[in-house]
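See below for the structure under consideration.
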Amino acid sequence: MKKWGANLEFAKRYVSEKVLRELLSYLSRDPVHHLEQLLTLGKLLARQDRHKQMVAALEKAIIDNPAVRQLTEGVLKDTHPNLLQRLLYNFFINSMLMGIPRQLHLSETLGFNVPHTILVDPTSACNLRCEGCWAGAYAQHDELDYDRLDRLCSEAKELGIYWIVMSGGEPFMYPRLFDLAAKHSDMAFMLFTNGTRIDDRVADQIVEVGNLSPAFSLEGWEERTDRRRGPGVFKKVTAAMDRLRERGAVFGVSLTASRDNVEEITSDSFVDFLVEKGARYGWIFHYIPIGRNPNPDLMLTPEQRAYMAARVPAIRQNKAIVLADFWNDGEMTQGCIAGGRRYFHVTASGAVEPCAFVHFSTHNINEHSLQEILRSPLFAAFQRRQPFCGDYLRPCPIIDVPSALRDIVAESGARPTHAGADEVLKGEVGEHLDRRAAAWAAAAAEVRSRQTIRTVC
């Protein structure tokens, strides 16, 4: 009887998913014309009130904001059908509308928090040697076993996690990358990449597999990008963008904001260039002094960070690209998202870190299951303190509340994942972070006085 009941539930899900896919396939034949129906379907599928509100807010933005409408229509009109039916379906339906409610339900029933995504480094190998790389101090010969990575994806889906982000190293150097994406065709994969490996053959594979989106790393224009990443890299990246745009792939960018380039990467001319090239989204990371040759002097000044707090929302309002600024977008995420709250990081050695920039660990996926990892003392210590500050403009335990990271490491017994990782806790780097955190606290108070920013106090 139990087996029959399980088969019945499977049949119900199969029928509903098949009907949904057929409906979306029909609507995607002319998605711009059917945009209203697609949004209505989104509201009907949303299980949570906040998701219904998000769809309604998107609908209003499309009506009221020409930049949002340009972005939305461009994605629907120019994206290859394989990516419309796989990548976008997997991200918006499986991961967002269906996955998040399941994550919340299991978080309540299992007694540990289920995150929304996992950041994984399939390999630490890289064909570039970028100055100041956050991952540059890891061992350069590590690679996750395919079977373990395959099992991690299966474990993730059991918990409602259908979005996997990859970094490295260079993820396109992982030998069985496309095998993994094809096997887990119900998941969405986003890859942070230097872009130099995406030739015509790889571009064709990206479109063929359908559920993979690259995010290209840039430092700004050609001179600045090549200075950090190597001669000719900018041209290779932009050529890869052209290949993907011509084929209808969905891609974005990854920008590291430093003291030297923050105005350049947020300028109208550079953002317009990214939109023209076909980038649909972008992640802005503030430079953090970790990894290869950490340099605290490259960190944003408090004045530059205050500029970013105003500039990035203006870009989102006026340009046909979605930009996320992790450190200044704390209001949207209610503070830090790391430590298993919304995501965590797995290195190519299998070490599990709270964040791509917090290089400490207590568990390894080669020795522990995903559920054991989510119950780890390191994640528990992180989540007990989140949010780390009542002001969401100061969400980070590395650069905003350094004392919190010291307490977490001491309480959990976490160990550095490479030589020098603990410099953020002590010495010159640690002292610099303390001074910068205090300076930003004062600057953030001034920003709050000019903006309506909710805090948890």
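Ligands are numbered from 1 in the order shown, residues from 1 within each chain, and chains are lettered A, B, ... in the order they appear in the structure tokens.
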Contact check, segment 141-206 of chain A to segment 118-130 of chain A, at most 7 Å, counting only C-alpha atoms, closest pairs as a Markdown table:
```
| residue | atom | partner | partner_atom | distance |
| --- | --- | --- | --- | --- |
| A:His141 | CA | A:Ala125 | CA | 6.1 |
| A:Asp142 | CA | A:Ser124 | CA | 5.4 |
| A:Glu143 | CA | A:Thr123 | CA | 4.3 |
| A:Leu144 | CA | A:Pro122 | CA | 5.3 |
| A:Ile164 | CA | A:Ile118 | CA | 5.3 |
| A:Val165 | CA | A:Leu119 | CA | 4.6 |
| A:Met166 | CA | A:Val120 | CA | 4.8 |
| A:Ser167 | CA | A:Asp121 | CA | 4.9 |
| A:Gly168 | CA | A:Asp121 | CA | 4.5 |
| A:Gly169 | CA | A:Ser124 | CA | 3.9 |
| A:Glu170 | CA | A:Cys126 | CA | 4.8 |
| A:Pro171 | CA | A:Pro122 | CA | 6.3 |
| A:Met173 | CA | A:Ala125 | CA | 7.0 |
| A:Tyr174 | CA | A:Thr123 | CA | 6.0 |
```
Selected residues, N, CA, C and O atoms, written as a PDB file, in the first residue's frame, please.
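What landed in selection.pdb:
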```pdb
ATOM      1  N   HIS A 141      45.743  21.704  -7.217  1.00  0.00           N
ATOM      2  CA  HIS A 141      45.600  20.403  -7.865  1.00  0.00           C
ATOM      3  C   HIS A 141      44.345  19.660  -7.398  1.00  0.00           C
ATOM      4  O   HIS A 141      44.185  18.473  -7.683  1.00  0.00           O
ATOM      5  N   ASP A 142      43.456  20.333  -6.684  1.00  0.00           N
ATOM      6  CA  ASP A 142      42.274  19.658  -6.160  1.00  0.00           C
ATOM      7  C   ASP A 142      41.172  19.566  -7.212  1.00  0.00           C
ATOM      8  O   ASP A 142      41.015  20.468  -8.049  1.00  0.00           O
ATOM      9  N   GLU A 143      40.403  18.487  -7.128  1.00  0.00           N
ATOM     10  CA  GLU A 143      39.257  18.309  -8.020  1.00  0.00           C
ATOM     11  C   GLU A 143      38.255  17.395  -7.337  1.00  0.00           C
ATOM     12  O   GLU A 143      38.615  16.338  -6.799  1.00  0.00           O
ATOM     13  N   LEU A 144      36.991  17.792  -7.329  1.00  0.00           N
ATOM     14  CA  LEU A 144      35.961  16.969  -6.720  1.00  0.00           C
ATOM     15  C   LEU A 144      35.667  15.760  -7.596  1.00  0.00           C
ATOM     16  O   LEU A 144      35.566  15.868  -8.823  1.00  0.00           O
ATOM     17  N   ILE A 164      22.500  25.494  -8.352  1.00  0.00           N
ATOM     18  CA  ILE A 164      23.900  25.277  -8.015  1.00  0.00           C
ATOM     19  C   ILE A 164      24.744  26.354  -8.697  1.00  0.00           C
ATOM     20  O   ILE A 164      24.638  26.559  -9.910  1.00  0.00           O
ATOM     21  N   VAL A 165      25.577  27.019  -7.914  1.00  0.00           N
ATOM     22  CA  VAL A 165      26.517  28.002  -8.445  1.00  0.00           C
ATOM     23  C   VAL A 165      27.910  27.386  -8.402  1.00  0.00           C
ATOM     24  O   VAL A 165      28.257  26.678  -7.456  1.00  0.00           O
ATOM     25  N   MET A 166      28.700  27.634  -9.431  1.00  0.00           N
ATOM     26  CA  MET A 166      30.053  27.072  -9.487  1.00  0.00           C
ATOM     27  C   MET A 166      31.089  28.165  -9.667  1.00  0.00           C
ATOM     28  O   MET A 166      30.855  29.163 -10.341  1.00  0.00           O
ATOM     29  N   SER A 167      32.247  27.932  -9.045  1.00  0.00           N
ATOM     30  CA  SER A 167      33.381  28.825  -9.197  1.00  0.00           C
ATOM     31  C   SER A 167      34.621  27.953  -9.287  1.00  0.00           C
ATOM     32  O   SER A 167      34.565  26.814  -9.729  1.00  0.00           O
ATOM     33  N   GLY A 168      35.756  28.442  -8.827  1.00  0.00           N
ATOM     34  CA  GLY A 168      36.952  27.630  -8.905  1.00  0.00           C
ATOM     35  C   GLY A 168      38.136  28.345  -8.277  1.00  0.00           C
ATOM     36  O   GLY A 168      37.963  29.154  -7.375  1.00  0.00           O
ATOM     37  N   GLY A 169      39.248  28.125  -8.913  1.00  0.00           N
ATOM     38  CA  GLY A 169      39.537  27.569 -10.216  1.00  0.00           C
ATOM     39  C   GLY A 169      38.619  28.089 -11.324  1.00  0.00           C
ATOM     40  O   GLY A 169      37.835  28.997 -11.170  1.00  0.00           O
ATOM     41  N   GLU A 170      38.775  27.451 -12.462  1.00  0.00           N
ATOM     42  CA  GLU A 170      37.961  27.747 -13.627  1.00  0.00           C
ATOM     43  C   GLU A 170      37.032  26.564 -13.875  1.00  0.00           C
ATOM     44  O   GLU A 170      37.473  25.481 -14.248  1.00  0.00           O
ATOM     45  N   PRO A 171      35.716  26.739 -13.656  1.00  0.00           N
ATOM     46  CA  PRO A 171      34.793  25.598 -13.757  1.00  0.00           C
ATOM     47  C   PRO A 171      34.750  24.948 -15.134  1.00  0.00           C
ATOM     48  O   PRO A 171      34.466  23.752 -15.238  1.00  0.00           O
ATOM     49  N   MET A 173      37.141  24.101 -16.777  1.00  0.00           N
ATOM     50  CA  MET A 173      38.236  23.135 -16.853  1.00  0.00           C
ATOM     51  C   MET A 173      37.861  21.807 -16.193  1.00  0.00           C
ATOM     52  O   MET A 173      38.652  20.864 -16.228  1.00  0.00           O
ATOM     53  N   TYR A 174      36.659  21.729 -15.598  1.00  0.00           N
ATOM     54  CA  TYR A 174      36.217  20.469 -14.988  1.00  0.00           C
ATOM     55  C   TYR A 174      35.809  19.513 -16.106  1.00  0.00           C
ATOM     56  O   TYR A 174      34.926  19.839 -16.919  1.00  0.00           O
TER      57      TYR A 174
END
```
Please provide the set of residues having any atom within 9 Å of Val409 of chain A, restricted to only C-alpha atoms, with same-chain residues fewer than 4 positions apart removed, written as a ChimeraX atom specification. /A:360-361,378,381,404-405,413-415
Of A:Val322, A:Ala156, A:Ala240, A:Ile100, the one nearest to Thr72 of chain A when counting only C-alpha atoms is A:Val322
Could you check how far atom CA of Thr333 of chain A sits from atom CA of Arg385 of chain A, in Å to one decimal?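 Separation of atom CA of Thr333 of chain A and atom CA of Arg385 of chain A: 15.1 Å.
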